[in-house]
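Next comes coords17.txt, with compact mmCIF, C-alpha atoms.
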# COMPACT_ATOMS: atom_id res chain seq x y z
CA MET A 1 9.66 -11.24 4.60
CA ASP A 2 11.77 -8.31 5.76
CA GLU A 3 9.94 -5.72 3.70
CA ALA A 4 6.69 -6.35 5.57
CA GLN A 5 8.35 -5.80 8.93
CA ARG A 6 10.17 -2.73 7.69
CA LEU A 7 6.97 -1.37 6.24
CA VAL A 8 5.26 -1.78 9.60
CA GLU A 9 8.13 0.00 11.34
CA LEU A 10 7.87 2.94 8.97
CA ILE A 11 4.12 3.43 9.47
CA PRO A 12 4.44 5.95 12.34
CA ARG A 13 6.64 8.19 10.20
CA LEU A 14 4.34 7.87 7.23
CA ARG A 15 1.39 8.78 9.46
CA ARG A 16 3.15 11.79 10.91
CA TYR A 17 4.04 13.18 7.51
CA ALA A 18 0.58 12.38 6.10
CA ARG A 19 -1.08 14.03 9.09
CA ALA A 20 0.81 17.27 8.49
CA LEU A 21 0.38 17.06 4.73
CA VAL A 22 -3.35 16.30 4.64
CA GLY A 23 -4.46 18.17 7.73
CA ASP A 24 -6.77 15.61 9.35
CA ARG A 25 -6.29 12.22 10.93
CA ALA A 26 -8.75 10.12 8.98
CA GLY A 27 -7.62 11.55 5.67
CA ALA A 28 -4.01 10.95 6.69
CA ASP A 29 -4.63 7.30 7.56
CA ASP A 30 -6.45 6.80 4.26
CA LEU A 31 -3.42 8.19 2.48
CA VAL A 32 -1.09 5.90 4.42
CA GLN A 33 -3.26 2.87 3.66
CA ASP A 34 -3.37 3.66 -0.05
CA THR A 35 0.39 4.19 0.05
CA LEU A 36 1.04 0.79 1.64
CA GLU A 37 -1.23 -0.94 -0.83
CA ARG A 38 0.40 0.86 -3.72
CA ALA A 39 3.80 -0.03 -2.31
CA TRP A 40 2.94 -3.75 -2.41
CA THR A 41 1.89 -3.63 -6.03
CA LYS A 42 5.02 -1.65 -6.90
CA LEU A 43 7.48 -3.52 -4.73
CA HIS A 44 9.14 -5.07 -7.76
CA LEU A 45 10.23 -1.54 -8.71
CA TYR A 46 11.96 -1.03 -5.38
CA ARG A 47 15.64 -1.84 -5.62
CA GLN A 48 16.91 -3.97 -2.75
CA GLY A 49 19.51 -2.23 -0.64
CA THR A 50 18.32 1.28 -1.44
CA ASP A 51 16.53 3.44 1.09
CA LEU A 52 13.07 1.94 1.64
CA ARG A 53 11.94 5.03 3.55
CA ALA A 54 12.78 7.40 0.70
CA TRP A 55 11.10 5.05 -1.77
CA LEU A 56 7.94 4.88 0.37
CA PHE A 57 7.76 8.66 0.64
CA THR A 58 8.03 8.81 -3.13
CA VAL A 59 5.13 6.37 -3.42
CA MET A 60 3.14 8.44 -0.93
CA HIS A 61 3.88 11.63 -2.81
CA ASN A 62 2.63 10.09 -6.06
CA VAL A 63 -0.50 8.70 -4.42
CA HIS A 64 -1.19 12.07 -2.83
CA VAL A 65 -0.70 14.00 -6.05
CA ASN A 66 -3.03 11.64 -7.91
CA ARG A 67 -5.66 11.92 -5.20
CA THR A 68 -5.58 15.68 -5.03
CA ARG A 69 -5.76 15.85 -8.80
CA ALA A 70 -8.79 13.58 -8.76
CA THR A 71 -10.69 15.54 -6.15
CA ARG A 72 -11.11 19.26 -6.19
CA PRO A 73 -8.54 21.23 -4.21
CA THR A 74 -9.48 21.16 -0.56
CA ASP A 75 -9.30 24.19 1.61
CA PRO A 76 -10.80 23.01 4.89
CA LEU A 77 -10.11 26.36 6.50
CA GLY A 78 -11.49 28.73 3.94
CA ASP A 79 -11.18 32.29 5.08
CA GLU A 80 -12.69 31.75 8.47
CA MET A 81 -11.22 33.66 11.36
CA PRO A 82 -9.22 31.96 14.08
CA GLU A 83 -11.41 30.91 16.96
CA LEU A 84 -10.14 33.23 19.61
CA ALA A 85 -12.69 32.21 22.22
CA SER A 86 -11.15 28.87 23.09
CA ARG A 87 -7.62 30.19 23.16
CA GLY A 88 -5.63 29.41 26.28
CA ALA A 89 -7.34 26.14 27.12
CA GLN A 90 -4.81 23.73 25.64
CA PRO A 91 -1.64 25.38 24.45
CA ASP A 92 -0.32 22.31 22.61
CA ALA A 93 -3.55 21.74 20.79
CA LEU A 94 -3.66 25.40 19.87
CA VAL A 95 -0.13 25.43 18.54
CA LEU A 96 -0.96 22.35 16.53
CA ARG A 97 -4.13 23.90 15.19
CA ASP A 98 -2.45 27.18 14.28
CA LEU A 99 0.37 25.33 12.60
CA ASP A 100 -2.08 23.06 10.82
CA ARG A 101 -3.94 26.05 9.51
CA ALA A 102 -0.80 27.80 8.43
CA ILE A 103 0.69 24.71 6.81
CA ALA A 104 -2.58 23.96 5.05
CA ARG A 105 -2.47 27.43 3.50
CA LEU A 106 0.89 26.83 1.91
CA PRO A 107 0.87 25.84 -1.75
CA ALA A 108 1.02 22.03 -1.96
CA ASP A 109 4.46 21.99 -3.63
CA GLN A 110 6.00 24.12 -0.93
CA ARG A 111 4.24 22.25 1.85
CA ALA A 112 5.72 18.91 0.80
CA VAL A 113 9.26 20.31 0.69
CA LEU A 114 8.94 22.06 4.04
CA LEU A 115 7.59 18.93 5.76
CA LEU A 116 10.16 16.56 4.30
CA VAL A 117 12.96 18.90 5.44
CA THR A 118 11.71 19.91 8.87
CA LEU A 119 9.57 16.96 9.92
CA GLU A 120 11.22 14.05 8.18
CA GLU A 121 14.66 15.75 8.32
CA MET A 122 15.58 14.50 4.87
CA SER A 123 18.67 15.89 3.18
CA TYR A 124 17.96 18.32 0.34
CA GLU A 125 19.20 15.67 -2.12
CA GLU A 126 16.74 13.12 -0.71
CA VAL A 127 13.90 15.60 -0.98
CA ALA A 128 14.83 16.30 -4.59
CA ARG A 129 14.79 12.58 -5.40
CA THR A 130 11.61 11.89 -3.46
CA LEU A 131 9.66 14.62 -5.21
CA GLY A 132 11.42 14.28 -8.55
CA ILE A 133 12.50 17.92 -8.75
CA PRO A 134 15.90 19.65 -9.08
CA ILE A 135 17.67 20.59 -5.89
CA GLY A 136 17.52 24.28 -6.79
CA THR A 137 13.72 23.98 -6.82
CA VAL A 138 13.85 22.32 -3.39
CA MET A 139 15.79 25.27 -2.02
CA SER A 140 13.55 27.94 -3.52
CA ARG A 141 10.35 26.18 -2.39
CA LEU A 142 11.79 25.71 1.08
CA SER A 143 12.69 29.36 1.29
CA ARG A 144 9.26 30.52 0.15
CA ALA A 145 7.42 28.07 2.39
CA ARG A 146 9.34 29.17 5.46
CA GLU A 147 8.86 32.83 4.77
CA LYS A 148 5.11 32.39 4.29
CA LEU A 149 4.79 30.25 7.40
CA ARG A 150 6.72 32.79 9.43
CA ALA A 151 4.55 35.63 8.21
CA MET A 152 1.35 33.69 8.96
CA MET A 153 2.41 32.68 12.44
CA LEU A 154 3.51 36.21 13.23
CA GLY A 155 0.32 37.62 11.82
CA GLN A 156 -1.92 35.29 13.79
CA SER A 157 -0.39 35.93 17.13
CA PRO A 158 2.47 38.18 18.09
CA ALA A 159 5.71 37.26 19.77
CA ALA A 160 4.61 35.12 22.70
CA LYS A 161 2.99 32.57 20.41
CA LEU A 162 6.29 31.26 19.21
CA LYS A 163 7.57 30.59 22.70
CA ILE A 164 5.00 27.98 23.68
CA VAL A 165 6.97 25.14 22.22
CA LYS A 166 10.60 24.95 23.14
CA MET B 1 34.67 27.96 -0.86
CA SER B 2 34.21 29.94 2.33
CA GLY B 3 34.87 33.15 0.43
CA LEU B 4 31.68 32.84 -1.64
CA PRO B 5 28.92 35.34 -0.93
CA VAL B 6 26.21 34.15 1.45
CA THR B 7 23.11 33.04 -0.45
CA GLU B 8 19.51 32.38 0.50
CA ALA B 9 20.25 28.65 0.17
CA ASP B 10 23.05 29.10 2.71
CA LEU B 11 20.60 30.65 5.15
CA GLN B 12 18.17 27.77 4.73
CA ALA B 13 20.94 25.22 5.24
CA TYR B 14 22.14 27.24 8.22
CA ALA B 15 18.68 27.09 9.77
CA ASP B 16 18.69 23.31 9.23
CA GLY B 17 22.18 22.93 10.69
CA ARG B 18 23.51 21.45 7.48
CA LEU B 19 26.49 23.67 6.70
CA THR B 20 30.08 22.61 7.19
CA ALA B 21 31.75 24.17 10.23
CA GLU B 22 33.80 26.39 7.96
CA ARG B 23 30.83 27.66 6.02
CA ARG B 24 28.77 28.11 9.16
CA ALA B 25 31.44 30.41 10.58
CA VAL B 26 31.20 32.55 7.44
CA VAL B 27 27.40 32.77 7.75
CA ASP B 28 27.67 33.51 11.49
CA ALA B 29 29.94 36.46 10.72
CA TRP B 30 27.58 37.61 7.97
CA LEU B 31 24.52 37.42 10.26
CA ALA B 32 26.31 39.25 13.06
CA LEU B 33 26.23 42.33 10.87
CA ARG B 34 22.56 41.87 9.86
CA PRO B 35 20.26 41.55 12.89
CA GLU B 36 17.10 41.37 10.81
CA GLU B 37 18.37 38.46 8.79
CA ALA B 38 19.59 36.83 11.98
CA GLU B 39 16.12 37.14 13.47
CA ARG B 40 14.55 35.67 10.35
CA VAL B 41 16.85 32.64 10.44
CA ALA B 42 16.21 32.18 14.15
CA ALA B 43 12.46 32.28 13.45
CA TYR B 44 12.90 29.50 10.86
CA GLN B 45 14.67 27.40 13.45
CA ARG B 46 11.94 27.97 16.01
CA LEU B 47 9.30 27.10 13.45
CA GLY B 48 11.12 23.88 12.64
CA GLN B 49 11.11 22.93 16.31
CA GLU B 50 7.44 23.79 16.58
CA VAL B 51 6.52 21.72 13.59
CA ARG B 52 8.44 18.71 14.93
CA ALA B 53 6.97 19.12 18.41
CA ALA B 54 3.44 19.57 17.11
CA TYR B 55 3.36 16.24 15.27
CA GLU B 56 5.65 14.28 17.53
CA THR B 57 2.83 12.39 19.23
CA MET B 58 2.07 10.71 15.91
CA LEU B 59 5.28 8.72 16.29
CA SER B 60 4.34 7.14 19.60
CA GLU B 61 0.71 6.44 18.81
CA PRO B 62 -0.23 2.81 18.34
CA VAL B 63 -0.53 1.91 14.66
CA PRO B 64 -4.17 1.41 13.62
CA GLU B 65 -4.89 -2.22 12.80
CA ARG B 66 -6.03 -1.52 9.26
CA LEU B 67 -2.63 0.02 8.46
CA ALA B 68 -0.69 -2.81 10.05
CA GLN B 69 -2.75 -5.20 7.96
CA ALA B 70 -2.11 -3.26 4.80
CA ALA B 71 1.62 -3.44 5.50
CA ARG B 72 1.55 -7.18 6.17
CA ARG B 73 -0.82 -8.14 3.39
CA ARG B 74 1.44 -10.33 1.28
CA PHE B 75 3.32 -11.50 4.30
CA ALA B 76 0.13 -12.87 5.83
CA TRP B 77 -0.64 -14.73 2.65
CA ARG B 78 2.75 -16.37 2.53
CA ARG B 79 2.47 -17.46 6.11
CA ALA B 80 -0.96 -18.95 5.49
CA ALA B 81 0.41 -20.84 2.51
CA LEU B 82 3.34 -22.10 4.54
CA ILE B 83 1.14 -23.37 7.36
CA ALA B 84 -1.18 -25.02 4.89
CA GLY B 85 1.85 -26.64 3.31
CA TRP B 86 2.84 -28.21 6.62
CA ILE B 87 -0.66 -29.40 7.28
CA ALA B 88 -0.74 -30.92 3.81
CA LEU B 89 2.50 -32.79 4.53
CA GLY B 90 1.01 -34.21 7.68
CA ILE B 91 -2.14 -35.58 6.15
CA ALA B 92 -1.40 -35.82 2.45
CA ILE B 93 -1.94 -39.56 2.59
CA GLY B 94 -5.42 -39.10 4.10
CA ALA B 95 -8.08 -40.38 1.73
CA PRO B 96 -9.38 -37.93 -0.85
CA ALA B 97 -12.70 -39.58 -1.67
CA GLY B 98 -12.30 -40.43 -5.33
CA TRP B 99 -15.29 -39.54 -7.39
CA GLN B 100 -16.28 -40.84 -10.72
CA LEU B 101 -19.10 -39.15 -12.45
CA ARG B 102 -18.38 -39.33 -16.12
CA PRO B 103 -17.55 -42.89 -17.02
CA GLU B 104 -15.76 -41.87 -20.18
CA ARG B 105 -13.37 -39.81 -18.06
CA LEU B 106 -12.62 -42.56 -15.62
CA VAL B 107 -8.98 -42.93 -14.75
CA ALA B 108 -8.08 -45.81 -12.52
CA GLN B 109 -5.73 -44.09 -10.14
CA ALA B 110 -5.61 -40.75 -8.48
CA GLY B 111 -2.31 -39.05 -9.23
CA PRO B 112 -0.01 -38.46 -6.30
CA ASP B 113 -0.34 -34.71 -6.79
CA SER B 114 -4.10 -34.47 -6.80
CA THR B 115 -4.48 -33.96 -3.07
CA PRO B 116 -2.16 -30.94 -2.92
CA ILE B 117 -4.10 -29.21 -5.67
CA ALA B 118 -7.33 -29.55 -3.70
CA ARG B 119 -5.71 -28.33 -0.55
CA ARG B 120 -3.93 -25.47 -2.23
CA ALA B 121 -7.08 -24.42 -4.00
CA ALA B 122 -8.91 -24.48 -0.65
CA VAL B 123 -6.26 -22.36 1.04
CA ALA B 124 -6.34 -19.88 -1.84
CA HIS B 125 -10.12 -19.82 -1.64
CA ALA B 126 -10.05 -19.28 2.14
CA THR B 127 -7.52 -16.49 1.72
CA TYR B 128 -9.18 -14.43 -0.96
CA SER B 129 -12.90 -15.17 -0.97
CA PRO B 130 -13.55 -13.18 2.27
CA GLU B 131 -11.80 -10.12 0.83
CA VAL B 132 -14.04 -7.11 0.47
CA ARG B 133 -11.65 -4.56 -0.97
CA HIS B 134 -9.20 -6.76 -2.84
CA PRO B 135 -10.79 -10.06 -3.84
CA VAL B 136 -8.95 -10.01 -7.18
CA GLU B 137 -5.95 -8.37 -8.78
CA VAL B 138 -7.62 -7.78 -12.12
CA GLY B 139 -11.36 -7.26 -12.31
CA ALA B 140 -13.87 -8.79 -14.70
CA ASP B 141 -14.23 -5.42 -16.44
CA ASP B 142 -10.77 -6.13 -17.81
CA GLU B 143 -11.35 -9.80 -18.56
CA GLN B 144 -9.41 -9.90 -21.82
CA HIS B 145 -6.33 -8.56 -20.12
CA LEU B 146 -6.79 -10.91 -17.17
CA VAL B 147 -7.02 -14.02 -19.35
CA ALA B 148 -4.14 -12.94 -21.59
CA TRP B 149 -1.98 -12.15 -18.59
CA LEU B 150 -2.63 -15.42 -16.74
CA SER B 151 -2.22 -17.42 -19.97
CA LYS B 152 1.13 -15.81 -20.52
CA ARG B 153 2.33 -16.44 -16.98
CA LEU B 154 1.13 -20.04 -16.87
CA GLY B 155 2.30 -20.75 -20.39
CA ILE B 156 -1.00 -22.34 -21.48
CA LYS B 157 -4.06 -20.95 -23.16
CA LEU B 158 -6.63 -20.21 -20.50
CA ARG B 159 -10.24 -19.19 -20.60
CA ALA B 160 -12.46 -17.82 -17.87
CA PRO B 161 -15.57 -20.03 -18.00
CA LYS B 162 -18.90 -18.22 -18.26
CA LEU B 163 -21.12 -19.28 -15.40
CA ASP B 164 -23.70 -16.50 -15.57
CA ASP B 165 -26.42 -18.96 -16.56
CA ALA B 166 -25.77 -20.79 -13.31
CA GLY B 167 -26.03 -17.53 -11.40
CA MET B 168 -22.32 -16.96 -10.87
CA SER B 169 -20.67 -13.97 -12.48
CA LEU B 170 -16.95 -13.41 -12.88
CA VAL B 171 -15.40 -11.05 -10.31
CA GLY B 172 -11.89 -11.28 -11.76
CA GLY B 173 -8.72 -13.17 -11.04
CA ARG B 174 -5.22 -13.16 -9.73
CA LEU B 175 -1.83 -14.80 -10.05
CA LEU B 176 -0.61 -16.98 -7.19
CA PRO B 177 2.62 -18.80 -6.38
CA GLY B 178 2.25 -22.58 -6.76
CA GLU B 179 4.56 -25.46 -5.95
CA ASN B 180 6.10 -25.53 -9.40
CA GLY B 181 5.34 -22.11 -10.78
CA PRO B 182 2.61 -19.56 -11.24
CA VAL B 183 -1.01 -20.50 -10.63
CA GLY B 184 -4.15 -18.66 -11.70
CA GLN B 185 -7.31 -18.09 -9.71
CA PHE B 186 -10.62 -16.92 -11.12
CA MET B 187 -13.28 -15.74 -8.71
CA TYR B 188 -17.03 -15.82 -9.22
CA GLN B 189 -19.84 -14.47 -7.14
CA SER B 190 -23.59 -14.93 -7.03
CA GLN B 191 -26.04 -12.10 -6.54
CA ASN B 192 -26.40 -12.92 -2.88
CA GLY B 193 -22.64 -12.89 -2.35
CA ARG B 194 -21.78 -16.59 -2.49
CA ARG B 195 -18.31 -17.07 -3.88
CA LEU B 196 -16.62 -19.69 -6.01
CA THR B 197 -13.02 -19.89 -7.12
CA LEU B 198 -11.41 -21.81 -9.95
CA TYR B 199 -7.77 -22.65 -9.35
CA VAL B 200 -5.74 -23.48 -12.47
CA ARG B 201 -2.19 -24.75 -12.69
CA THR B 202 -0.06 -26.36 -15.35
CA GLU B 203 0.59 -30.09 -15.15
CA ALA B 204 4.04 -31.56 -15.63
CA SER B 205 2.82 -34.67 -17.45
CA ARG B 206 0.82 -33.02 -20.17
CA ASN B 207 -1.30 -35.85 -21.41
CA ARG B 208 -2.96 -37.21 -18.32
CA GLU B 209 -6.65 -36.99 -17.57
CA THR B 210 -8.47 -37.78 -14.39
CA ALA B 211 -12.07 -38.06 -13.35
CA PHE B 212 -13.62 -35.44 -11.13
CA ARG B 213 -12.61 -35.94 -7.56
CA TYR B 214 -14.07 -34.44 -4.48
CA ALA B 215 -12.33 -33.26 -1.33
CA ARG B 216 -13.40 -31.31 1.68
CA GLU B 217 -10.88 -29.04 3.38
CA ASN B 218 -12.25 -27.66 6.62
CA ASN B 219 -15.54 -26.19 5.42
CA ILE B 220 -14.50 -25.79 1.81
CA SER B 221 -15.72 -28.17 -0.87
CA VAL B 222 -13.42 -28.80 -3.80
CA PHE B 223 -13.92 -30.65 -7.07
CA TYR B 224 -10.67 -31.15 -8.91
CA TRP B 225 -9.49 -32.80 -12.08
CA ILE B 226 -6.65 -32.85 -14.55
CA ASP B 227 -7.21 -32.32 -18.22
CA ARG B 228 -4.00 -32.77 -20.21
CA GLU B 229 -1.84 -29.72 -19.65
CA ALA B 230 -3.86 -28.14 -16.83
CA GLY B 231 -5.04 -29.09 -13.38
CA TYR B 232 -8.26 -27.51 -12.16
CA ALA B 233 -9.84 -27.19 -8.75
CA LEU B 234 -13.21 -25.57 -8.16
CA ALA B 235 -13.68 -24.47 -4.56
CA SER B 236 -16.44 -22.94 -2.49
CA ALA B 237 -17.47 -22.70 1.13
CA ASP B 238 -20.93 -21.40 0.24
CA LEU B 239 -22.26 -24.06 -2.13
CA SER B 240 -23.50 -27.59 -1.51
CA LYS B 241 -21.63 -30.50 -3.02
CA ASP B 242 -24.37 -31.01 -5.60
CA GLU B 243 -24.36 -27.36 -6.65
CA LEU B 244 -20.59 -27.40 -6.88
CA LEU B 245 -20.65 -30.58 -8.96
CA ARG B 246 -23.10 -29.02 -11.38
CA LEU B 247 -20.78 -26.02 -11.76
CA ALA B 248 -17.75 -28.29 -12.15
CA ASN B 249 -19.50 -29.95 -15.07
CA LEU B 250 -20.25 -26.59 -16.65
CA VAL B 251 -16.63 -25.52 -16.25
CA TYR B 252 -15.33 -28.77 -17.63
CA LYS B 253 -17.60 -28.63 -20.70
CA GLN B 254 -16.60 -25.05 -21.49
CA LEU B 255 -12.90 -25.74 -21.12
CA GLU B 256 -13.01 -28.90 -23.24
CA PRO B 257 -11.08 -28.03 -26.37
With the file now loaded, output its structure as structure tokens.
Amino acid sequence: MDEAQRLVELIPRLRRYARALVGDRAGADDLVQDTLERAWTKLHLYRQGTDLRAWLFTVMHNVHVNRTRATRPTDPLGDEMPELASRGAQPDALVLRDLDRAIARLPADQRAVLLLVTLEEMSYEEVARTLGIPIGTVMSRLSRAREKLRAMMLGQSPAAKLKIVK
Amino acid sequence: MSGLPVTEADLQAYADGRLTAERRAVVDAWLALRPEEAERVAAYQRLGQEVRAAYETMLSEPVPERLAQAARRRFAWRRAALIAGWIALGIAIGAPAGWQLRPERLVAQAGPDSTPIARRAAVAHATYSPEVRHPVEVGADDEQHLVAWLSKRLGIKLRAPKLDDAGMSLVGGRLLPGENGPVGQFMYQSQNGRRLTLYVRTEASRNRETAFRYARENNISVFYWIDREAGYALASADLSKDELLRLANLVYKQLEP
């Protein structure tokens, strides 16, 4: 069965997106697992020959929206201050943590658009189809998400911060 | 088109490298006159790179087993069924110990298709009875729907026998692919977790009846019989032959029209 093999091949990308979307590893893998299981029960709705990746991301989006509706909105970071003490130990881990924090603070709608465009490198049309929104909405959410993220990253640490990752 | 004013959407597409060469040249010229906007767009590009770099390791990490299993779920089932099919071909002639327990139901000959039903029921039992998260597709809390659905797919009127008096309660059921069409499976479970499945398929010759017959497939005991339009196989790895026979009688009596 080709779909099974193709599903397996797409897992790393699903995990990457879920990791950035949810903010923690275990939660991300739970989301991916629920997505795969949902995908199997909905496979008859997938049209052969169309983009399986885009379809899977749509399934994941729906699963995620349902889950976040079911549980109360999570804000794992609250208003706590950045932990300055450990800064400098592991630059990559710090960049990841700062980004995680900043991305987690974005409104969910904007976060999904930003991640599909920058991480998954989907076209704006694909993002619109995946999330079921007009392309104009994709563009305005993208613009707002980027501006907020830029402001947060600048606010947290000036200039040099952005040069750690090439 | 290149004469249109530069919009915010243009700047986003510019940051993502998605403008045509012609349009990009227009935006380049526009940004050259606006250093602050140029810096903002450059920051978006850097952020994009950071985001990609930050999560890149996720792509090369080994896939956790539970996710690989979730992706291969149906695939694994089909493979199991295929292997079982080959095994069945190899030893289909092997003696299924015929069993006569109700003289009035005695039929002289075992049908040629009675061994596959036992084997298929055993494979289906082995596949789904160990499941913790997904033993059934439709749960007993939605029994009406389950029975209506399976009846519709099999094209015969089904019932889920009540075995609570014998200590087995309905967990639910699922639809399976059979040799000649859809097959139904009901699953039961005792309080201490022992499981029993009833495999039901339609029979081509709709007026045949057989006695109960017993087969053992690996460690799974199966009682199977044909009653007019349906073939039944009751399978369990957790019950003794006597216990299973008692349950087979209960099932048979309840399903008797």
Tell me which of B:Leu31, B:Leu59, B:Ala118, B:Ala13 sits closest to chain A, counting only C-alpha atoms.
B:Leu59
Point-to-point distance from CA of Ala70 in chain B to CA of Leu10 in chain A, Å rounded to tenths:
12.5 Å
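Using all atoms listed in the file for every distance, the candidate list A:Met122, A:Leu52, A:Leu7, A:Ala18 yields A:Leu7 as the residue closest to chain B.
Look at range 248-256 of chain B: the protein and nucleic acid residues within 8 Å of it, using all atoms listed in the file and passing over chain neighbours fewer than 3 places away, are Arg159, Pro161, Lys162, Leu163, Phe223, Leu234, Leu244 and Leu245 of chain B.
Between chain A and the residues B:Pro35, B:Pro5, B:Pro62, B:Gly193, the shortest atom-to-atom distance, using all atoms listed in the file, involves B:Pro62.
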Taking all atoms listed in the file into account, which of A:Asn66, A:Gln110, A:Thr50, A:Thr35 comes nearest Arg141 in chain A?
A:Gln110
Name the residues in contact with Ala108 in chain A at a cut-off of 10 Å, using only C-alpha atoms, excluding same-chain residues fewer than 6 positions from it; report them as a PyMOL selection string.
chain A and resi 21-22+65+68+73+114+145
Using C-alpha atoms, can you export the residues from the last selection as an mmCIF file, keeping the file's coordinate frame?
data_model
loop_
_atom_site.group_PDB
_atom_site.id
_atom_site.type_symbol
_atom_site.label_atom_id
_atom_site.label_comp_id
_atom_site.auth_asym_id
_atom_site.auth_seq_id
_atom_site.Cartn_x
_atom_site.Cartn_y
_atom_site.Cartn_z
ATOM 1 C CA LEU A 21 0.380 17.060 4.730
ATOM 2 C CA VAL A 22 -3.350 16.300 4.640
ATOM 3 C CA VAL A 65 -0.700 14.000 -6.050
ATOM 4 C CA THR A 68 -5.580 15.680 -5.030
ATOM 5 C CA PRO A 73 -8.540 21.230 -4.210
ATOM 6 C CA LEU A 114 8.940 22.060 4.040
ATOM 7 C CA ALA A 145 7.420 28.070 2.390
#
Given a cut-off of 8 Å, which residues of chain B touch chain A, counting only C-alpha atoms, written out as number ranges by chain?
B: 8-9, 12, 16, 43-44, 46-56, 58-61, 63, 66-68, 70-72, 74-75
Just how far from CA of Thr57 in chain B is CA of Leu31 in chain A, in Å to one decimal?
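Between these atoms lies a distance of 18.4 Å.
Computed from the coordinates, the CA of Thr210 in chain B to CA of Asp227 in chain B distance equals 6.8 Å.
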Need to verify the contact set: Leu4 in chain B, 12 Å, all atoms listed in the file, exclusion of same-chain residues closer than 3 positions in sequence. Can you return it as a compact mmCIF listing (two decimals) with C-alpha atoms, in the coordinates of the input?
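So the final result, stored in part.txt, reads:
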# COMPACT_ATOMS: atom_id res chain seq x y z
CA MET B 1 34.67 27.96 -0.86
CA THR B 7 23.11 33.04 -0.45
CA ASP B 10 23.05 29.10 2.71
CA GLU B 22 33.80 26.39 7.96
CA ARG B 23 30.83 27.66 6.02
CA VAL B 26 31.20 32.55 7.44
CA VAL B 27 27.40 32.77 7.75
CA TRP B 30 27.58 37.61 7.97
Contact residues around range 141-157 of chain B with all atoms listed in the file at 10 Å, ignoring same-chain residues under 2 positions, as a PyMOL selection string
chain B and resi 137-139+159-160+170-176+181-186+200-202+229-230
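Proximity to Val59 in chain A was assessed for A:Arg129, A:Pro134, A:Val113, A:Arg144 counting all atoms listed in the file; the smallest distance is recorded for A:Arg129.
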